[in-house]
Structure formats: structure tokens, C-alpha cells
Amino acid sequence: MKNNQLDNFESLIKSSLEKQRAVYDSSDWDKLNKKLDQVNKPFYSSPWFIAASVAAFLGTVYLLSTFNTLTEPTPLVITPQEYEIPEIGEKEKEDALAIPLTEEETNEIKEVFNTSDKEILNKEDNIKNENKIIESETNTPDNKEVKSINSEDSINSEENGFTPLDSDNSLEENFISEEVVIIKKADFHMNTTECCEGTKIDFVAEQQENVDYLWSFDDGNYSKNENPSHLFKKAGSYKISLIVRSKIDNSIMTRSNDQLLIVHSKPIVDFEWEMNEENGIPYTSLINLTDKGTSWNWNFGDGNVSNEKDPNHTYRNKGQYLVTLTATNSEECTSTINKDILINEDYNLLAPNSFTPNGDGLNDYFLPAALNRLEGSFTMTIYSQTEGLIYDTKNIDQPWDGTNQKAGTKCKEGSYVWVVKLTNEKGQSEQYKGAILLLK
Amino acid sequence: MKLEQRELERIVDGCKAKNRSSQKKIYELLYCKMLPVCYRYARSTDEAKDILQDGFIKVFEKIEQYNVGGSFEAWVRRIIVNTAIDAYRKNKKEVFIDDESRIKDDTDWEDIENESEYAGLSINDIVEAMQSLSPAYQAVFNLYVMEGYTHQEIADELEINIGTSKSNLAKAKANMKTMLTDKLNRL
């Protein structure tokens with residue numbers, strides 16, 4: 001082999017590359033050693049065996065970089081068990097600055113390596129398997145105990161990292177006794193097992209150190225919080241799963257709620273209204289359009305309430321009222337709706353403003369007109385500013401004739417106050433009052 | 001490999017007797033130099049280690065042929081390089097480019113070619129540049145520059161003609177220079 005006449009560039013490259021040294025990796029010898037066994041025993045060197053060993057060779061720990069060089073001592077090839085420094089001569093010892101590592105240094109790097117390798121592995125697995133984990137998780141009251149890993153066991157995470165536990169079998173395969181126990185439990189609590197749509201449920205994981213949490217709420221949502229709250233928007237049965245992963249060895253443990261979380265549907269609440277009038281008395285008809293409700297709670301916005309399905313209500317004063325209907329279904333879930341109703345007219349028993357008790361046959365008596373049309377009892381009292389109560393009646397046939405009942409005298413012109421107390425058709429007592437101008 | 005010649009002979013004898021611990025000794029002795037050689041012909045660590053492994057198997061098979069007196073390291077290296085060339089031939093799907101007209105005279109380059117020009121570069125940069133060459137360029141460059149093969153020898157080894165070997169060398173160098181200059185500019 002002659003040397004070619006190299007130009008400067010070629011010489012530069014050559015001299016640089018000639019200085020390259022790789023850090024010895026004893027696992028490479030192990031592989032060669034095995035292969036030499038096969039070469040020496042041709043009977044065993046079936047293509048399958050070779051293929052397997054080649055695969056094993058290729059599949060070994062990924063070596064980030066290859067070379068350790070003089071100028072850049074970046075020892076990246078680390079041997080797990082026995083780090084061996086090959087015998088080298090004096091001159092090369094000087095050259096190969098990067099080779100000699102103390103055992104301590106080696107271990108340190110090893111550690112960093114293992115961690116970063118696993119982290120990379122897990123990052124990928126996280127993405128790939130996140131859904132799988134959830135789907136593959138099974139838990140019923142029966143296998144509850146199998147899922148819970150007791151303190152003598154832990155999951156071998158070396159190969160699968162954050163992999164799903166498909167069945168009890170695979171779980172057991174994942175147990176190895178040598179590993180240090182990191183995760184003790186994946187238990188959790190939730191504040192209820194039954195709720196209505198749109199309820200926020202609080203979850204609490206059993207606290208432990210150096211772990212990551214991954215919750216699956218079974219509705220396509222996940223949380224990495226230790227104690228998340230989750231809003232369940234749709235009715236259904238949900239299997240809540242908690243996966244706990246050790247930050248130290250990446251072992252995982254998973255647990256689902258034994259009892260499914262039941263989320264009930266809510267009634268779909270709605271109403272409309274109509275303005276009606278009966279015998280001159282106005283009322284508002286409220287029309288309940290709720291689907292699947294069983295009980296009702298109306299608030300008419302004027303201080304009155306009702307439990308009827310389709311109530312009628314008479315507003316005393318004109319104005320805008322916020323009407324609220326709360327509907328409850330058989331699962332005790334409620335929905336509420338509010339609507340504004342505009343009332344255009346006051347209603348005060350259709351009472352007039354004035355009367356003229358002068359015996360001319362016109363407007364000689366005062367009685368709110370509505371009292372003639374309503375059934376049920378009433379009491380009407382008339383007050384004078386100066387004399388107080390001057391008249392009372394419980395009979396529509398005895399309207400106020402403008403006299404002071406107590407004194408037996410005719411009242412003077414002026415303004416008087418009337419008060420009507422009555423029991424309405426629903427049995428509720430109502431009170432109305434107004435001013436009446438007595439004119440002669 | 002500064003080993004007592006007598007000690008080396010003893011180990012080689014052990015290898016001839018297929019003594020596994022002697023084989024291990026040889027492997028350990030030469031690993032840190034031979035893996036870089038493989039790397040120059042490979043495009044990944046796995047590939048380089050495959051070459052190294054196959055190379056050492058050949059070394060142990062052929063150790064009877066080694067003549068005491070010659071450089072043992074050079075002998076091993078030759079086998080390793082041959083293994084690399086075999087691997088290259090096996091994987092060869094690429095056609096060597098032998099269009100010499102496309103190669104420009106590289107005298108332009110000569111002016112800037114001095115070591116200080118590339119002083120900022122590390123060996124890793126050079127290795128990276130080497131690895132990003134196409135396998136054909138890589139093989140020719142290695143055999144010519146690193147192993148001292150003549151173009152005739154390269155042509156024989158790689159089953160190409162001399163012109164192709166020359167043009168591939170020139171292109172390999174031009175590509176490497178471009179890559180290294182880029183790296184320098186980014187420093």
C-alpha cells in the first residue's frame with residue numbers, strides 16, 4: 001500500500017481522522033463473543049439465530065455519538081456493567097485524553113444516559129399510548145385487588161415505559177421483584193358517584209411523591225393534575241381511570257373507579273305565555289314546554305311562586321317581570337330558564353278612582369268591580385285620613401255608600417283609602433288597596 | 001498499539017488457537033482505533049459496529065495468515081477496510097458518477113487550502129461531513145485519502161473505472177469543503 005500524494009486538504013482530513021478514537025464498549029465484545037460461538041459451531045448458525053443476534057445487536061442501547069476524539073473529548077459510548085479501559089501504550093495514553101474515565105465519572109454518565117433514554121422513550125410512548133392506556137384499562141370490583149400493586153411488586157418499566165396493561169396476565173408479566181418499589185398506590189376519591197349533566201366533579205388522588213398523574217374521564221378528556229375537577233357535560237356512565245407514573249423508574253400503576261360515575265340527563269326546560277282576560281280580569285297564562293320534567297317551580301318575578309305545571313297569574317302592576325321556571329326530572333336533575341314578561345296594565349281589582357254618592361243613581365256606591373266577578377270571600381275596609389277606619393263590608397251587596405259607618409254620618413268630599421283582603425281561587429289570601437276620591 | 005512485541009506474539013498465538021480470551025484481548029486493543037475506521041465507511045453507529053464485528057470475525061478466521069513481523073494493526077485494519085468495502089458493495093445500489101466534464105478544476109480551492117483555514121473545526125465536524133457524503137463518494141475518498149489506495153486499486157476494488165474514481169474523489173472533496181466552510185461560517 002503506497003501513500004498517495006495528498007494535497008493540503010486531503011492531508012488535513014487524513015490527519016484529523018487518524019486521531020479519532022472510540023470509547024470501548026464492552027457490550028460490543030459480548031455480542032461479538034456470541035457471534036464467534038455461532039461461527040465456531042456451524043450447526044447452530046441457523047439463519048434464524050443469526051438474524052436474531054443481529055437484531056439484538058442493532059436493537060441495543062442507542063449510542064448517541066460514536067467517537068471520542070482528541071480535540072473533543074465527548075465520551076458518549078457508555079458500557080453499563082463493566083467499563084473497561086483497553087490497554088494502551090504510553091504515547092497513546094497521552095493522545096487519547098478522553099479515554100480514561102474514573103469509575104465515578106462513568107457511573108455518573110451512565111445515570112444521565114439511562115434517564116434521558118427513558119425520557120425520550122416515554123415521550124414517544126406517551127403520545128402513542130395515551131389513548132391505548134385508557135382503553136385497555138379494565139376494572140371491576142372483582143379485579144380491583146389485582147390492579148393494586150402492593151409494596152413487594154412494581155412494574156418493569158424498562159422496556160415498555162408507559163405501556164398499557166392489557167390484562168391481568170400482562171400485568172403479572174410486568175412484575176419483577178428486583179426493582180425498587182416507587183409507586184404504592186393509584187387510589188383516588190371523587191366527591192360523588194352520581195350527578196347531573198353539567199356538574200363539576202372533584203377528584204383527589206392519593207398523595208405520593210415523585211409521581212406523575214394522568215386522569216382519564218372517559219369522555220375524551222384527560223388531566224395531569226393531582227386533584228382535578230372535571231365538568232361532565234353529557235349524560236352517561238363514566239369509567240374514571242387514574243394512571244400514576246413514577247418519575248424515578250417510570251413504572252406505572254393504574255386504577256379505575258369500581259363503580260361507574262353516573263351522569264344523569266337534565267330536563268330540557270322551556271315555557272311560553274299568553275295574556276288572557278276573564279270577566280274583565282286580566283291574567284297571564286304560562287305554558288310549560290319542558291321535556292321530561294316531573295316537578296316545577298315557578299317564580300313570577302313579583303314575589304309570587306307556584307308549583308303548578310301551567311299556572312295562570314295576574315300581575316297587579318304594569319312592568320317587566322323576570323319569570324323563572326325550574327324543572328326537575330325523575331333523577332332529581334334540574335334545569336332552569338328565565339324569561340322577561342312585559343305587563344302593560346296595572347290591575348287593582350278593576351277599582352274606579354272616584355264615585356259620587358249623591359243619590360242621583362249614578363256612581364252612588366264604591367266597590368272594586370272585580371269583587372263582583374270573583375268567587376270567594378273578601379273584606380273591604382275604608383279609611384279616612386283623619387278618622388281612621390270608617391267602613392267595612394264582606395258582602396258585595398253592601399258596597400260603600402260614602403257614609404261613616406261608626407258615626408252614621410255622610411263623609412265629606414276628599415280622598416279615602418280602601419283595602420280589600422280576599423281569598424283567591426287557590427286559597428291564598430291577597431290584599432289590594434287603593435285611593436278613592438269621594439265627590440259630591 | 002505499543003505492546004511488547006513478545007506479548008503481542010503470545011496473544012496472536014492464543015488467537016490462532018482460537019482462545020477466546022486472547023481474541024478478547026485483541027478486540028480490546030484495537031477497538032478504539034478500528035471503530036472510527038468503520039465509521040468512515042458507514043452512515044450510522046449500527047452500521048459501523050456491524051462492519052467492525054464482521055471484520056473481527058474475519059480477523060480471527062484469517063489470523064493464521066498473519067506473518068509475525070509485519071504490523072499487526074495495519075494487517076487488521078486492512079481486513080476491516082476490506083470488510084467495509086464488501087459491505088459497501090453489498091449495499092451498492094448507487095451508480096458511480098463518471099461524468100468527468102462536470103468536474104471543475106479545483107485549483108480555486110488550492111488557494112484557500114491550508115490548515116489554518118479550517119482551524120475552527122473539530123474532528124466531529126469532519127466526521128459529520130464525511131458521513132453526509134454519498135456512499136460512493138465516501139468509499140472513494142476513504143480509500144484514496146485514508147487508506148492510500150491508488151485510483152487503479154480503488155477502481156479494482158469498487159469495480160469502477162479509474163476516471164470514475166478520480167471524479168468521485170474530486171466531487172467528494174468539493175462537497176466536504178462546502179460543508180466544512182458552511183460549518184466554519186456558522187461558528
# chains A, B, ... in the order shown; residues from 1 in each chain; ligands from 1
$ residues_around --residues "Glu9 of chain B" --least-positions-apart "4" --cutoff "8 Å" --atoms "only C-alpha atoms" --output "PDB file with N, CA and C atoms, in the first residue's frame"
ATOM      1  N   GLN B   5       6.395  -6.598  21.760  1.00  0.00           N
ATOM      2  CA  GLN B   5       6.245  -7.469  20.595  1.00  0.00           C
ATOM      3  C   GLN B   5       6.033  -8.916  21.025  1.00  0.00           C
ATOM      4  N   ASP B  13      -0.747 -15.857  19.059  1.00  0.00           N
ATOM      5  CA  ASP B  13      -0.717 -17.327  19.131  1.00  0.00           C
ATOM      6  C   ASP B  13      -1.978 -17.863  19.777  1.00  0.00           C
ATOM      7  N   VAL B  68       4.109 -12.866  11.530  1.00  0.00           N
ATOM      8  CA  VAL B  68       4.743 -12.130  12.611  1.00  0.00           C
ATOM      9  C   VAL B  68       5.871 -11.285  12.022  1.00  0.00           C
TER      10      VAL B  68
END
$ residues_around --residues "segment 75-88 of chain B" --least-positions-apart "6" --cutoff "10 Å" --atoms "only C-alpha atoms" --output "ChimeraX atom specification"
/A:1 /B:26,30,33-35,37-42,47-48,50-60,62-63,65-67,135-136,138-139,142-143,147,157-158
$ write_last_selection --atoms "C-alpha atoms" --output "mmCIF file, in the first residue's frame"
data_model
loop_
_atom_site.group_PDB
_atom_site.id
_atom_site.type_symbol
_atom_site.label_atom_id
_atom_site.label_comp_id
_atom_site.auth_asym_id
_atom_site.auth_seq_id
_atom_site.Cartn_x
_atom_site.Cartn_y
_atom_site.Cartn_z
ATOM 1 C CA MET A 1 0.000 0.000 0.000
ATOM 2 C CA ILE B 26 -7.034 -8.236 20.538
ATOM 3 C CA LEU B 30 -7.874 -2.370 18.542
ATOM 4 C CA LYS B 33 -8.923 2.723 16.566
ATOM 5 C CA MET B 34 -10.850 0.366 14.310
ATOM 6 C CA LEU B 35 -14.344 1.555 15.115
ATOM 7 C CA VAL B 37 -12.235 3.378 10.552
ATOM 8 C CA CYS B 38 -15.549 1.573 10.188
ATOM 9 C CA TYR B 39 -17.370 4.759 10.874
ATOM 10 C CA ARG B 40 -15.864 6.436 7.880
ATOM 11 C CA TYR B 41 -17.461 3.841 5.644
ATOM 12 C CA ALA B 42 -20.754 3.736 7.461
ATOM 13 C CA GLU B 47 -23.677 0.060 10.519
ATOM 14 C CA ALA B 48 -20.162 0.858 11.742
ATOM 15 C CA ASP B 50 -21.688 -4.306 12.143
ATOM 16 C CA ILE B 51 -18.674 -3.744 9.970
ATOM 17 C CA LEU B 52 -16.404 -3.903 12.976
ATOM 18 C CA GLN B 53 -17.947 -7.120 14.167
ATOM 19 C CA ASP B 54 -17.780 -8.801 10.785
ATOM 20 C CA GLY B 55 -14.245 -7.501 10.395
ATOM 21 C CA PHE B 56 -13.082 -9.047 13.644
ATOM 22 C CA ILE B 57 -14.696 -12.347 12.794
ATOM 23 C CA LYS B 58 -12.621 -12.323 9.613
ATOM 24 C CA VAL B 59 -9.542 -11.310 11.572
ATOM 25 C CA PHE B 60 -9.959 -14.311 13.841
ATOM 26 C CA LYS B 62 -7.645 -15.465 8.974
ATOM 27 C CA ILE B 63 -5.227 -14.954 11.819
ATOM 28 C CA GLN B 65 -2.270 -15.868 7.617
ATOM 29 C CA TYR B 66 -0.739 -13.083 9.669
ATOM 30 C CA ASN B 67 3.021 -13.028 9.430
ATOM 31 C CA PRO B 135 -21.667 6.104 -0.026
ATOM 32 C CA ALA B 136 -19.843 6.156 -3.351
ATOM 33 C CA GLN B 138 -17.335 8.222 0.903
ATOM 34 C CA ALA B 139 -15.788 4.971 -0.278
ATOM 35 C CA ASN B 142 -11.626 6.949 2.246
ATOM 36 C CA LEU B 143 -9.711 4.515 0.126
ATOM 37 C CA GLU B 147 -6.015 4.096 3.125
ATOM 38 C CA GLU B 157 -11.886 -2.811 -5.500
ATOM 39 C CA LEU B 158 -15.069 -0.972 -6.285
#
